[in-house]
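Asks: So that you have it, the file is query-v1.cif, and it contains mmCIF, C-alpha atoms and all ligand atoms:
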```cif
data_final
loop_
_atom_site.group_PDB
_atom_site.id
_atom_site.type_symbol
_atom_site.label_atom_id
_atom_site.label_comp_id
_atom_site.auth_asym_id
_atom_site.auth_seq_id
_atom_site.Cartn_x
_atom_site.Cartn_y
_atom_site.Cartn_z
ATOM 1 C CA MET A 900 106.571 90.177 80.572
ATOM 2 C CA GLN A 901 108.764 93.108 79.719
ATOM 3 C CA PHE A 902 108.418 96.319 77.786
ATOM 4 C CA ASN A 903 110.531 97.139 74.779
ATOM 5 C CA GLU A 904 113.121 99.502 76.279
ATOM 6 C CA ASP A 905 113.211 101.766 73.235
ATOM 7 C CA ALA A 906 109.509 102.063 72.505
ATOM 8 C CA GLU A 907 108.093 105.472 73.232
ATOM 9 C CA LEU A 908 105.253 106.062 75.655
ATOM 10 C CA ASP A 909 102.404 108.431 74.915
ATOM 11 C CA THR A 910 101.417 110.102 78.162
ATOM 12 C CA SER A 911 98.913 112.349 76.384
ATOM 13 C CA GLN A 912 96.421 109.514 76.952
ATOM 14 C CA ILE A 913 96.605 110.128 80.714
ATOM 15 C CA ASP A 914 95.162 112.877 82.873
ATOM 16 C CA ASP A 915 96.963 112.785 86.181
ATOM 17 C CA GLN A 916 94.805 113.968 89.055
ATOM 18 C CA ARG A 917 96.973 112.537 91.815
ATOM 19 C CA GLY A 918 98.798 115.747 92.497
ATOM 20 C CA GLY A 919 99.102 117.389 95.891
ATOM 21 C CA GLY A 920 96.235 118.892 97.816
ATOM 22 C CA GLY A 921 93.034 116.998 97.335
ATOM 23 C CA GLY A 922 91.145 115.370 100.118
ATOM 24 C CA VAL A 923 89.441 118.639 100.982
ATOM 25 C CA GLY A 924 85.871 117.558 100.562
ATOM 26 C CA GLY A 925 83.702 115.596 102.896
ATOM 27 C CA ARG A 926 82.841 111.970 102.596
ATOM 28 C CA VAL A 927 80.507 111.336 99.724
ATOM 29 C CA ALA A 928 77.469 109.227 100.363
ATOM 30 C CA LEU A 929 77.771 106.021 98.448
ATOM 31 C CA GLY A 930 75.185 105.783 95.766
ATOM 32 C CA GLY A 931 75.045 109.546 95.554
ATOM 33 C CA GLY A 932 77.781 109.528 93.008
ATOM 34 C CA GLY A 933 78.973 107.157 90.417
ATOM 35 C CA LEU A 934 75.709 106.885 88.569
ATOM 36 C CA GLY A 935 76.018 105.025 85.348
ATOM 37 C CA ILE A 936 79.592 103.924 85.763
ATOM 38 C CA VAL A 937 80.767 100.483 84.764
ATOM 39 C CA GLY A 938 83.586 99.083 86.770
ATOM 40 C CA LEU A 939 85.441 95.958 87.515
ATOM 41 C CA VAL A 940 83.709 95.166 90.786
ATOM 42 C CA ILE A 941 81.699 98.261 91.442
ATOM 43 C CA TYR A 942 78.128 97.092 91.173
ATOM 44 C CA PHE A 943 78.821 94.598 93.852
ATOM 45 C CA LEU A 944 80.291 97.090 96.232
ATOM 46 C CA LEU A 945 77.497 99.569 95.608
ATOM 47 C CA SER A 946 74.742 97.018 95.999
ATOM 48 C CA GLN A 947 76.252 95.585 99.136
ATOM 49 C CA PHE A 948 76.297 98.968 100.790
ATOM 50 C CA ALA A 949 72.962 100.048 99.465
ATOM 51 C CA GLY A 950 71.438 96.799 100.641
ATOM 52 C CA GLY A 951 72.853 97.265 104.103
ATOM 53 C CA SER A 952 73.955 93.674 104.253
ATOM 54 C CA GLY A 953 76.704 94.543 106.663
ATOM 55 C CA PHE A 954 79.481 94.015 104.180
ATOM 56 C CA GLN A 955 82.495 95.927 105.411
ATOM 57 C CA LEU A 956 85.467 96.841 103.382
ATOM 58 C CA PRO A 957 88.625 95.920 105.177
ATOM 59 C CA SER A 958 90.304 98.908 106.728
ATOM 60 C CA GLY A 959 92.574 100.912 104.547
ATOM 61 C CA SER A 960 90.690 99.935 101.462
ATOM 62 C CA GLY A 961 90.211 103.452 100.403
ATOM 63 C CA PHE A 962 86.930 105.017 101.324
ATOM 64 C CA GLY A 963 88.730 108.279 101.164
ATOM 65 C CA ASP A 964 87.473 111.772 100.787
ATOM 66 C CA VAL A 965 86.663 113.012 97.376
ATOM 67 C CA GLY A 966 88.795 116.032 96.868
ATOM 68 C CA GLN A 967 87.034 119.150 95.769
ATOM 69 C CA ASN A 968 90.162 120.800 94.512
ATOM 70 C CA GLN A 969 91.398 118.158 92.181
ATOM 71 C CA GLN A 970 93.344 119.391 89.283
ATOM 72 C CA VAL A 971 94.801 117.718 86.324
ATOM 73 C CA ASP A 972 98.537 118.172 86.431
ATOM 74 C CA SER A 973 100.217 115.745 84.115
ATOM 75 C CA ALA A 974 103.558 117.537 83.868
ATOM 76 C CA ALA A 975 105.321 115.137 86.226
ATOM 77 C CA ILE A 976 104.167 111.959 84.522
ATOM 78 C CA ARG A 977 104.960 113.392 81.093
ATOM 79 C CA GLU A 978 108.483 114.028 82.309
ATOM 80 C CA LYS A 979 108.859 110.677 84.032
ATOM 81 C CA CYS A 980 107.340 108.185 81.584
ATOM 82 C CA LYS A 981 109.001 108.449 78.205
ATOM 83 C CA THR A 982 110.012 104.949 77.132
ATOM 84 C CA GLY A 983 109.480 101.253 77.714
ATOM 85 C CA ALA A 984 112.528 101.340 79.966
ATOM 86 C CA ASP A 985 110.608 103.705 82.259
ATOM 87 C CA ALA A 986 107.644 101.324 82.147
ATOM 88 C CA ASN A 987 109.906 98.480 83.255
ATOM 89 C CA ARG A 988 110.938 100.527 86.275
ATOM 90 C CA GLU A 989 107.966 102.591 87.412
ATOM 91 C CA ASP A 990 104.466 101.458 88.338
ATOM 92 C CA ASP A 991 102.628 104.424 86.855
ATOM 93 C CA CYS A 992 104.661 104.348 83.651
ATOM 94 C CA ARG A 993 103.757 100.668 83.361
ATOM 95 C CA ALA A 994 100.074 101.605 83.427
ATOM 96 C CA VAL A 995 100.712 104.236 80.735
ATOM 97 C CA ALA A 996 102.385 101.592 78.583
ATOM 98 C CA PHE A 997 99.485 99.163 78.917
ATOM 99 C CA ILE A 998 96.991 101.891 78.060
ATOM 100 C CA ASN A 999 99.026 102.819 74.977
ATOM 101 C CA SER A 1000 99.154 99.198 73.846
ATOM 102 C CA ILE A 1001 95.457 98.560 74.473
ATOM 103 C CA GLN A 1002 94.402 101.663 72.552
ATOM 104 C CA ALA A 1003 96.822 100.894 69.736
ATOM 105 C CA TYR A 1004 95.198 97.483 69.432
ATOM 106 C CA TRP A 1005 91.700 98.910 69.180
ATOM 107 C CA ALA A 1006 92.821 101.632 66.775
ATOM 108 C CA ASP A 1007 94.209 98.866 64.577
ATOM 109 C CA GLN A 1008 91.017 96.811 64.854
ATOM 110 C CA TYR A 1009 88.911 99.783 63.850
ATOM 111 C CA ALA A 1010 91.225 100.658 60.976
ATOM 112 C CA ARG A 1011 90.971 97.117 59.606
ATOM 113 C CA SER A 1012 87.246 97.565 59.212
ATOM 114 C CA GLY A 1013 87.614 101.010 57.693
ATOM 115 C CA ASN A 1014 86.597 102.854 60.823
ATOM 116 C CA THR A 1015 88.330 105.246 63.147
ATOM 117 C CA TYR A 1016 88.797 104.465 66.800
ATOM 118 C CA LYS A 1017 88.026 107.269 69.194
ATOM 119 C CA PRO A 1018 90.579 107.151 72.024
ATOM 120 C CA ALA A 1019 89.609 107.442 75.681
ATOM 121 C CA GLN A 1020 91.584 109.269 78.342
ATOM 122 C CA THR A 1021 92.485 107.476 81.548
ATOM 123 C CA ASN A 1022 92.425 109.506 84.747
ATOM 124 C CA PHE A 1023 94.797 108.545 87.530
ATOM 125 C CA PHE A 1024 93.426 109.635 90.884
ATOM 126 C CA GLN A 1025 94.035 109.078 94.554
ATOM 127 C CA GLY A 1026 91.282 108.511 97.103
ATOM 128 C CA GLY A 1027 88.411 110.000 95.179
ATOM 129 C CA VAL A 1028 87.563 111.726 91.966
ATOM 130 C CA ASN A 1029 84.977 114.017 90.465
ATOM 131 C CA THR A 1030 84.257 112.668 87.030
ATOM 132 C CA GLY A 1031 83.263 114.623 83.982
ATOM 133 C CA GLY A 1032 79.955 112.846 83.544
ATOM 134 C CA CYS A 1033 79.301 110.335 86.331
ATOM 135 C CA GLY A 1034 79.389 112.347 89.533
ATOM 136 C CA SER A 1035 81.965 111.569 92.170
ATOM 137 C CA ALA A 1036 83.418 108.258 93.224
ATOM 138 C CA THR A 1037 85.859 107.024 95.811
ATOM 139 C CA SER A 1038 88.619 104.498 95.326
ATOM 140 C CA ALA A 1039 86.430 101.866 96.959
ATOM 141 C CA ALA A 1040 84.455 101.772 93.747
ATOM 142 C CA GLY A 1041 87.445 100.193 92.058
ATOM 143 C CA PRO A 1042 88.570 101.179 88.575
ATOM 144 C CA PHE A 1043 85.701 102.180 86.333
ATOM 145 C CA TYR A 1044 84.612 103.578 83.000
ATOM 146 C CA CYS A 1045 82.152 106.453 82.706
ATOM 147 C CA PRO A 1046 80.121 106.150 79.484
ATOM 148 C CA ALA A 1047 78.817 109.712 79.803
ATOM 149 C CA ASP A 1048 82.271 111.282 79.454
ATOM 150 C CA ALA A 1049 83.909 108.253 77.816
ATOM 151 C CA GLU A 1050 86.877 108.167 80.176
ATOM 152 C CA VAL A 1051 88.535 105.565 82.395
ATOM 153 C CA TYR A 1052 89.212 106.284 86.073
ATOM 154 C CA ILE A 1053 91.649 104.397 88.259
ATOM 155 C CA ASP A 1054 93.370 104.715 91.594
ATOM 156 C CA LEU A 1055 96.508 102.691 90.967
ATOM 157 C CA ALA A 1056 96.397 101.583 94.616
ATOM 158 C CA PHE A 1057 93.697 99.167 93.467
ATOM 159 C CA PHE A 1058 96.403 96.869 92.144
ATOM 160 C CA GLN A 1059 97.721 96.441 95.671
ATOM 161 C CA GLU A 1060 94.161 95.987 96.902
ATOM 162 C CA LEU A 1061 93.650 93.127 94.500
ATOM 163 C CA LYS A 1062 96.404 91.283 96.313
ATOM 164 C CA THR A 1063 95.644 92.243 99.890
ATOM 165 C CA THR A 1064 91.839 92.260 99.877
ATOM 166 C CA PHE A 1065 91.003 89.882 97.076
ATOM 167 C CA GLY A 1066 93.992 87.582 97.517
ATOM 168 C CA ALA A 1067 95.114 87.758 93.918
ATOM 169 C CA THR A 1068 98.599 86.697 92.899
ATOM 170 C CA GLY A 1069 99.085 90.065 91.237
ATOM 171 C CA GLY A 1070 101.757 91.047 88.772
ATOM 172 C CA PRO A 1071 102.018 93.302 85.759
ATOM 173 C CA PHE A 1072 99.687 91.343 83.547
ATOM 174 C CA VAL A 1073 96.947 91.534 86.156
ATOM 175 C CA GLU A 1074 97.185 95.303 85.828
ATOM 176 C CA ALA A 1075 96.956 94.922 82.074
ATOM 177 C CA TYR A 1076 93.819 92.802 82.472
ATOM 178 C CA VAL A 1077 92.137 95.414 84.657
ATOM 179 C CA LEU A 1078 92.924 98.271 82.270
ATOM 180 C CA ALA A 1079 91.975 96.254 79.189
ATOM 181 C CA HIS A 1080 88.661 95.365 80.857
ATOM 182 C CA GLU A 1081 87.873 99.050 81.358
ATOM 183 C CA TYR A 1082 88.790 99.800 77.761
ATOM 184 C CA GLY A 1083 86.486 96.948 76.833
ATOM 185 C CA HIS A 1084 83.702 99.064 78.305
ATOM 186 C CA HIS A 1085 84.851 101.946 76.141
ATOM 187 C CA ILE A 1086 84.533 99.773 73.047
ATOM 188 C CA GLN A 1087 81.044 98.758 74.162
ATOM 189 C CA ASN A 1088 80.189 102.423 74.517
ATOM 190 C CA LEU A 1089 81.516 103.228 71.041
ATOM 191 C CA LEU A 1090 79.638 100.290 69.539
ATOM 192 C CA GLY A 1091 76.417 101.163 71.333
ATOM 193 C CA THR A 1092 76.379 97.856 73.184
ATOM 194 C CA SER A 1093 76.150 99.560 76.571
ATOM 195 C CA ASP A 1094 72.939 101.304 75.465
ATOM 196 C CA ARG A 1095 71.246 97.970 74.973
ATOM 197 C CA VAL A 1096 71.862 96.941 78.547
ATOM 198 C CA LYS A 1097 68.862 96.735 80.793
ATOM 199 C CA GLN A 1098 69.158 97.281 84.499
ATOM 200 C CA GLY A 1099 69.111 94.291 86.707
ATOM 201 C CA THR A 1100 71.166 91.482 88.123
ATOM 202 C CA GLY A 1101 71.202 87.726 87.878
ATOM 203 C CA PRO A 1102 73.275 85.043 86.182
ATOM 204 C CA GLN A 1103 71.789 85.690 82.725
ATOM 205 C CA SER A 1104 71.391 89.454 83.123
ATOM 206 C CA ASP A 1105 72.575 92.002 80.622
ATOM 207 C CA SER A 1106 74.927 93.390 83.272
ATOM 208 C CA VAL A 1107 76.698 90.055 83.519
ATOM 209 C CA ARG A 1108 76.842 89.740 79.732
ATOM 210 C CA LEU A 1109 78.339 93.224 79.447
ATOM 211 C CA GLU A 1110 81.008 92.480 82.050
ATOM 212 C CA LEU A 1111 81.922 89.097 80.585
ATOM 213 C CA GLN A 1112 82.255 90.700 77.179
ATOM 214 C CA ALA A 1113 84.640 93.292 78.634
ATOM 215 C CA ASP A 1114 86.698 90.411 80.064
ATOM 216 C CA CYS A 1115 86.703 88.752 76.654
ATOM 217 C CA TYR A 1116 87.829 91.966 74.952
ATOM 218 C CA ALA A 1117 90.647 92.162 77.506
ATOM 219 C CA GLY A 1118 91.687 88.658 76.516
ATOM 220 C CA ALA A 1119 91.563 89.545 72.819
ATOM 221 C CA TRP A 1120 93.980 92.412 73.400
ATOM 222 C CA ALA A 1121 96.292 90.135 75.426
ATOM 223 C CA ASN A 1122 96.534 87.814 72.429
ATOM 224 C CA HIS A 1123 97.896 90.695 70.326
ATOM 225 C CA ALA A 1124 99.872 92.485 73.028
ATOM 226 C CA THR A 1125 103.286 91.557 71.674
ATOM 227 C CA THR A 1126 102.512 92.303 68.045
ATOM 228 C CA VAL A 1127 100.460 95.469 67.926
ATOM 229 C CA PRO A 1128 102.691 98.444 67.174
ATOM 230 C CA THR A 1129 102.126 101.688 69.005
ATOM 231 C CA ALA A 1130 102.609 105.136 67.506
ATOM 232 C CA SER A 1131 106.390 104.789 67.659
ATOM 233 C CA GLY A 1132 106.152 101.845 65.287
ATOM 234 C CA LYS A 1133 107.266 99.112 67.674
ATOM 235 C CA PRO A 1134 105.282 96.754 69.877
ATOM 236 C CA LEU A 1135 105.578 97.951 73.452
ATOM 237 C CA ILE A 1136 105.436 94.517 74.996
ATOM 238 C CA THR A 1137 108.017 91.831 74.396
ATOM 239 C CA GLY A 1138 106.776 88.409 75.358
ATOM 240 C CA VAL A 1139 103.713 87.370 77.335
ATOM 241 C CA THR A 1140 104.249 84.165 79.291
ATOM 242 C CA ASP A 1141 101.843 81.486 80.499
ATOM 243 C CA GLU A 1142 102.574 82.812 83.953
ATOM 244 C CA ASP A 1143 101.296 86.245 82.904
ATOM 245 C CA ILE A 1144 98.071 84.800 81.528
ATOM 246 C CA ASN A 1145 97.604 82.606 84.587
ATOM 247 C CA ALA A 1146 98.016 85.641 86.835
ATOM 248 C CA ALA A 1147 95.306 87.452 84.857
ATOM 249 C CA LEU A 1148 93.031 84.411 85.087
ATOM 250 C CA ASP A 1149 93.669 84.202 88.815
ATOM 251 C CA ALA A 1150 92.638 87.844 89.198
ATOM 252 C CA ALA A 1151 89.524 87.276 87.088
ATOM 253 C CA GLY A 1152 88.604 84.496 89.482
ATOM 254 C CA ARG A 1153 89.106 86.725 92.525
ATOM 255 C CA ILE A 1154 86.610 89.261 91.315
ATOM 256 C CA GLY A 1155 83.895 86.827 90.289
ATOM 257 C CA ASP A 1156 80.586 87.530 91.977
ATOM 258 C CA ASP A 1157 80.450 84.145 93.719
ATOM 259 C CA TYR A 1158 83.981 84.434 95.042
ATOM 260 C CA ILE A 1159 83.354 87.936 96.365
ATOM 261 C CA GLN A 1160 80.065 86.939 97.980
ATOM 262 C CA LYS A 1161 81.673 83.941 99.628
ATOM 263 C CA GLU A 1162 84.974 85.412 100.685
ATOM 264 C CA LEU A 1163 84.260 89.099 101.222
ATOM 265 C CA GLY A 1164 80.504 89.263 101.585
ATOM 266 C CA GLY A 1165 78.125 87.409 103.827
ATOM 267 C CA GLY A 1166 79.493 84.003 102.916
ATOM 268 C CA LYS A 1167 76.469 82.923 100.922
ATOM 269 C CA VAL A 1168 76.280 82.837 97.153
ATOM 270 C CA ASP A 1169 73.201 84.598 95.814
ATOM 271 C CA THR A 1170 73.116 84.304 92.036
ATOM 272 C CA THR A 1171 70.203 86.743 91.773
ATOM 273 C CA GLN A 1172 72.670 89.468 92.769
ATOM 274 C CA PHE A 1173 75.247 88.576 90.137
ATOM 275 C CA SER A 1174 76.332 91.635 88.152
ATOM 276 C CA HIS A 1175 79.727 90.662 86.730
ATOM 277 C CA GLY A 1176 79.597 86.881 86.406
ATOM 278 C CA SER A 1177 81.018 84.027 88.420
ATOM 279 C CA SER A 1178 84.727 83.387 88.768
ATOM 280 C CA ALA A 1179 84.526 80.526 86.297
ATOM 281 C CA GLN A 1180 82.618 82.641 83.791
ATOM 282 C CA ARG A 1181 85.051 85.534 84.013
ATOM 283 C CA GLN A 1182 87.946 83.181 83.454
ATOM 284 C CA LYS A 1183 86.150 81.425 80.612
ATOM 285 C CA TRP A 1184 85.493 84.639 78.705
ATOM 286 C CA TYR A 1185 88.933 86.126 79.280
ATOM 287 C CA ARG A 1186 90.328 82.888 77.919
ATOM 288 C CA ALA A 1187 87.900 82.900 74.979
ATOM 289 C CA GLY A 1188 89.248 86.305 73.986
ATOM 290 C CA TYR A 1189 92.844 85.304 74.568
ATOM 291 C CA ASP A 1190 92.684 81.977 72.754
ATOM 292 C CA SER A 1191 90.929 83.375 69.689
ATOM 293 C CA GLY A 1192 92.402 86.876 69.623
ATOM 294 C CA ASP A 1193 89.122 87.801 67.980
ATOM 295 C CA PRO A 1194 86.652 90.262 69.531
ATOM 296 C CA ALA A 1195 83.950 88.773 67.310
ATOM 297 C CA ARG A 1196 84.175 85.699 69.524
ATOM 298 C CA CYS A 1197 83.068 87.810 72.481
ATOM 299 C CA ASP A 1198 79.359 87.748 71.692
ATOM 300 C CA THR A 1199 78.127 87.217 75.220
ATOM 301 C CA PHE A 1200 74.746 88.653 74.236
ATOM 302 C CA GLY A 1201 74.167 86.137 71.464
ATOM 303 C CA THR A 1202 74.823 82.960 73.425
ATOM 304 C CA ASN A 1203 72.744 80.989 75.850
ATOM 305 C CA ASN A 1204 75.856 79.340 77.175
ATOM 306 C CA LEU A 1205 77.673 81.899 79.299
ATOM 307 C CA GLY A 1206 79.564 79.100 81.019
HETATM 308 ZN ZN ZN A 1301 83.413 96.079 84.153
#
```
Could you write out this file's structure as structure tokens?

Replies:
Amino acid sequence: MQFNEDAELDTSQIDDQRGGGGGVGGRVALGGGGLGIVGLVIYFLLSQFAGGSGFQLPSGSGFGDVGQNQQVDSAAIREKCKTGADANREDDCRAVAFINSIQAYWADQYARSGNTYKPAQTNFFQGGVNTGGCGSATSAAGPFYCPADAEVYIDLAFFQELKTTFGATGGPFVEAYVLAHEYGHHIQNLLGTSDRVKQGTGPQSDSVRLELQADCYAGAWANHATTVPTASGKPLITGVTDEDINAALDAAGRIGDDYIQKELGGGKVDTTQFSHGSSAQRQKWYRAGYDSGDPARCDTFGTNNLG
């Protein structure tokens, strides 16, 4: 996939907290922060640590300090990421472009039903972050959405982690999948779906249904990625290939609960601990969204066949 060289990027959707300094604070006890956040893989990581099952993150996977002096300084990224050409060249501009496209899609969806989409900021951070409404979190939590402040948080180093730790093929469209999944949680927050979710894990749990729906929403966006115009009037993305979709499906498989338990956890699959769905389920629902291009087909709460 490529970005339209001339399309403009809107960096106002990003708060950049990666700037210098940081890393001043001490290590934050896991479970002490991050209450209420919905991530890509987070519940697993939290529960594994909380349960003391001996799961160890591979070294260098980012249990960094949470900086106490973090500041939003988006001047550099505003200067750097102006067009699709910048997104074709620079990793962080690429993330900006995906976020713009994803939010343009949802704005369009809302407009079609006579409603107004409420955009969500994405915060770029490094190592750790103090959120506006969900306490603090380290990069080990993975990318996440905080319903309380309605913002997305991501350490872009996670994309590398997906390849090294999770063994994913990687590639730009994997990054798009991750970001679109988090924005799926934003949609669920706006629609009130998240409020319906009861605590708990297991293959039929509300947590799993919520996560699979976010995967499906990500797929729905992917279907429209090359057609939805952004504020500048042009689609940002020119051409999504089978290879792109396969890379996203591969990543979805690498963050399935069963895969993580087998490959990164204790080696045993325990479905009672499922919080995000199996690899096959995550792939199935991403594909359901992609094939239909219709978020209405993402009713994971109304089906008794999650896959
Ligand atoms: Zn999620």

Asks: Can you give me, as a PyMOL selection string, the residues this file yields under the PyMOL selection byres (((not hetatm)) within 7 of (chain A and resi 1301))?

Replies: chain A and resi 937-940+1043+1080-1081+1084+1110+1113

Asks: Produce a file of the selected residues containing C-alpha atoms, as a PDB file, in the frame of the given file.

Replies:
```pdb
ATOM      1  CA  VAL A 937      80.767 100.483  84.764  1.00  0.00           C
ATOM      2  CA  GLY A 938      83.586  99.083  86.770  1.00  0.00           C
ATOM      3  CA  LEU A 939      85.441  95.958  87.515  1.00  0.00           C
ATOM      4  CA  VAL A 940      83.709  95.166  90.786  1.00  0.00           C
ATOM      5  CA  PHE A1043      85.701 102.180  86.333  1.00  0.00           C
ATOM      6  CA  HIS A1080      88.661  95.365  80.857  1.00  0.00           C
ATOM      7  CA  GLU A1081      87.873  99.050  81.358  1.00  0.00           C
ATOM      8  CA  HIS A1084      83.702  99.064  78.305  1.00  0.00           C
ATOM      9  CA  GLU A1110      81.008  92.480  82.050  1.00  0.00           C
ATOM     10  CA  ALA A1113      84.640  93.292  78.634  1.00  0.00           C
TER      11      ALA A1113
END
```

Asks: Taking 5 positions as the minimum chain separation for residues in the same chain, which residues sit within 9 Å of A:Asp1105 when counting only C-alpha atoms? Answer as a PyMOL selection string.

Replies: chain A and resi 1095-1100+1110+1174+1200

Asks: Decode the PyMOL selection byres (((chain A and resi 1072) around 8) and not hetatm) for the given file into explicit residues and return them as a PyMOL selection string.

Replies: chain A and resi 900+1069-1071+1073-1076+1143-1144+1146-1147

Asks: For the structure provided, state which residues fall under the PyMOL selection byres (((chain A and resi 1189) around 7) and not hetatm), and present them as an mmCIF file with C-alpha atoms, keeping the file's coordinate frame.

Replies:
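And here is the file that came out, part_16.cif:
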```cif
data_model
loop_
_atom_site.group_PDB
_atom_site.id
_atom_site.type_symbol
_atom_site.label_atom_id
_atom_site.label_comp_id
_atom_site.auth_asym_id
_atom_site.auth_seq_id
_atom_site.Cartn_x
_atom_site.Cartn_y
_atom_site.Cartn_z
ATOM 1 C CA GLY A 1118 91.687 88.658 76.516
ATOM 2 C CA ALA A 1119 91.563 89.545 72.819
ATOM 3 C CA ALA A 1121 96.292 90.135 75.426
ATOM 4 C CA ASN A 1122 96.534 87.814 72.429
ATOM 5 C CA TYR A 1185 88.933 86.126 79.280
ATOM 6 C CA ARG A 1186 90.328 82.888 77.919
ATOM 7 C CA ALA A 1187 87.900 82.900 74.979
ATOM 8 C CA GLY A 1188 89.248 86.305 73.986
ATOM 9 C CA ASP A 1190 92.684 81.977 72.754
ATOM 10 C CA SER A 1191 90.929 83.375 69.689
ATOM 11 C CA GLY A 1192 92.402 86.876 69.623
#
```

Asks: Restricting the calculation to only C-alpha atoms, which member of A:Ala1056, A:Ile936, A:Ala1151, A:Val1139 is positioned closest to A:Ser1035?

Replies: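 Checking each candidate against A:Ser1035, we get A:Ile936 as the closest.
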
Asks: Counting all atoms listed in the file, which residues in stretch 1105-1157 of chain A sit no more than 9 Å from stretch 908-916 of chain A? For each one, give the nearest pair of atoms and the distance in Å, sorted by chain then residue number, as a Markdown table.

Replies:
```
| residue | atom | partner | partner_atom | distance |
| --- | --- | --- | --- | --- |
| A:Thr1129 | CA | A:Leu908 | CA | 8.6 |
| A:Ala1130 | CA | A:Asp909 | CA | 8.1 |
| A:Ser1131 | CA | A:Leu908 | CA | 8.2 |
| A:Leu1135 | CA | A:Leu908 | CA | 8.4 |
```

Asks: Give me, as a ChimeraX atom specification, all polymer residues having an atom no more than 7 Å from A:Ile1136, counting only C-alpha atoms and skipping those fewer than 2 positions away in the same chain.

Replies: /A:901-903,1124-1125,1134,1138

Asks: Take the residues from that selection and write them out as a PDB file, in the coordinates of the input, keeping C-alpha atoms.

Replies:
```pdb
ATOM      1  CA  GLN A 901     108.764  93.108  79.719  1.00  0.00           C
ATOM      2  CA  PHE A 902     108.418  96.319  77.786  1.00  0.00           C
ATOM      3  CA  ASN A 903     110.531  97.139  74.779  1.00  0.00           C
ATOM      4  CA  ALA A1124      99.872  92.485  73.028  1.00  0.00           C
ATOM      5  CA  THR A1125     103.286  91.557  71.674  1.00  0.00           C
ATOM      6  CA  PRO A1134     105.282  96.754  69.877  1.00  0.00           C
ATOM      7  CA  GLY A1138     106.776  88.409  75.358  1.00  0.00           C
TER       8      GLY A1138
END
```

Asks: Starting from the block above, write stretch 1179-1189 of chain A out to a file with N, CA, C and O atoms, as a short mmCIF file (atom, residue, chain, number, x, y, z; two decimals), in the first residue's frame, please.

Replies:
```cif
data_model
loop_
_atom_site.label_atom_id
_atom_site.label_comp_id
_atom_site.auth_asym_id
_atom_site.auth_seq_id
_atom_site.Cartn_x
_atom_site.Cartn_y
_atom_site.Cartn_z
N ALA A 1179 -8.02 -17.70 15.56
CA ALA A 1179 -8.98 -17.93 14.48
C ALA A 1179 -10.16 -16.98 14.57
O ALA A 1179 -10.65 -16.48 13.54
N GLN A 1180 -10.61 -16.70 15.78
CA GLN A 1180 -11.73 -15.78 15.95
C GLN A 1180 -11.34 -14.36 15.55
O GLN A 1180 -12.11 -13.64 14.90
N ARG A 1181 -10.16 -13.93 15.94
CA ARG A 1181 -9.74 -12.57 15.61
C ARG A 1181 -9.63 -12.41 14.10
O ARG A 1181 -10.02 -11.38 13.55
N GLN A 1182 -9.11 -13.44 13.46
CA GLN A 1182 -9.00 -13.39 12.00
C GLN A 1182 -10.38 -13.41 11.35
O GLN A 1182 -10.65 -12.67 10.40
N LYS A 1183 -11.25 -14.25 11.89
CA LYS A 1183 -12.60 -14.36 11.33
C LYS A 1183 -13.33 -13.02 11.38
O LYS A 1183 -13.97 -12.59 10.40
N TRP A 1184 -13.22 -12.31 12.50
CA TRP A 1184 -14.00 -11.08 12.64
C TRP A 1184 -13.37 -9.90 11.91
O TRP A 1184 -14.06 -9.01 11.42
N TYR A 1185 -12.03 -9.91 11.82
CA TYR A 1185 -11.39 -8.88 10.97
C TYR A 1185 -11.86 -9.08 9.53
O TYR A 1185 -12.22 -8.13 8.84
N ARG A 1186 -11.88 -10.33 9.11
CA ARG A 1186 -12.28 -10.64 7.75
C ARG A 1186 -13.76 -10.32 7.51
O ARG A 1186 -14.14 -9.83 6.45
N ALA A 1187 -14.58 -10.58 8.53
CA ALA A 1187 -16.02 -10.28 8.40
C ALA A 1187 -16.22 -8.78 8.15
O ALA A 1187 -17.04 -8.37 7.32
N GLY A 1188 -15.45 -7.96 8.85
CA GLY A 1188 -15.53 -6.52 8.64
C GLY A 1188 -15.00 -6.13 7.28
O GLY A 1188 -15.59 -5.31 6.57
N TYR A 1189 -13.88 -6.75 6.91
CA TYR A 1189 -13.25 -6.40 5.63
C TYR A 1189 -14.11 -6.84 4.45
O TYR A 1189 -14.33 -6.06 3.51
#
```
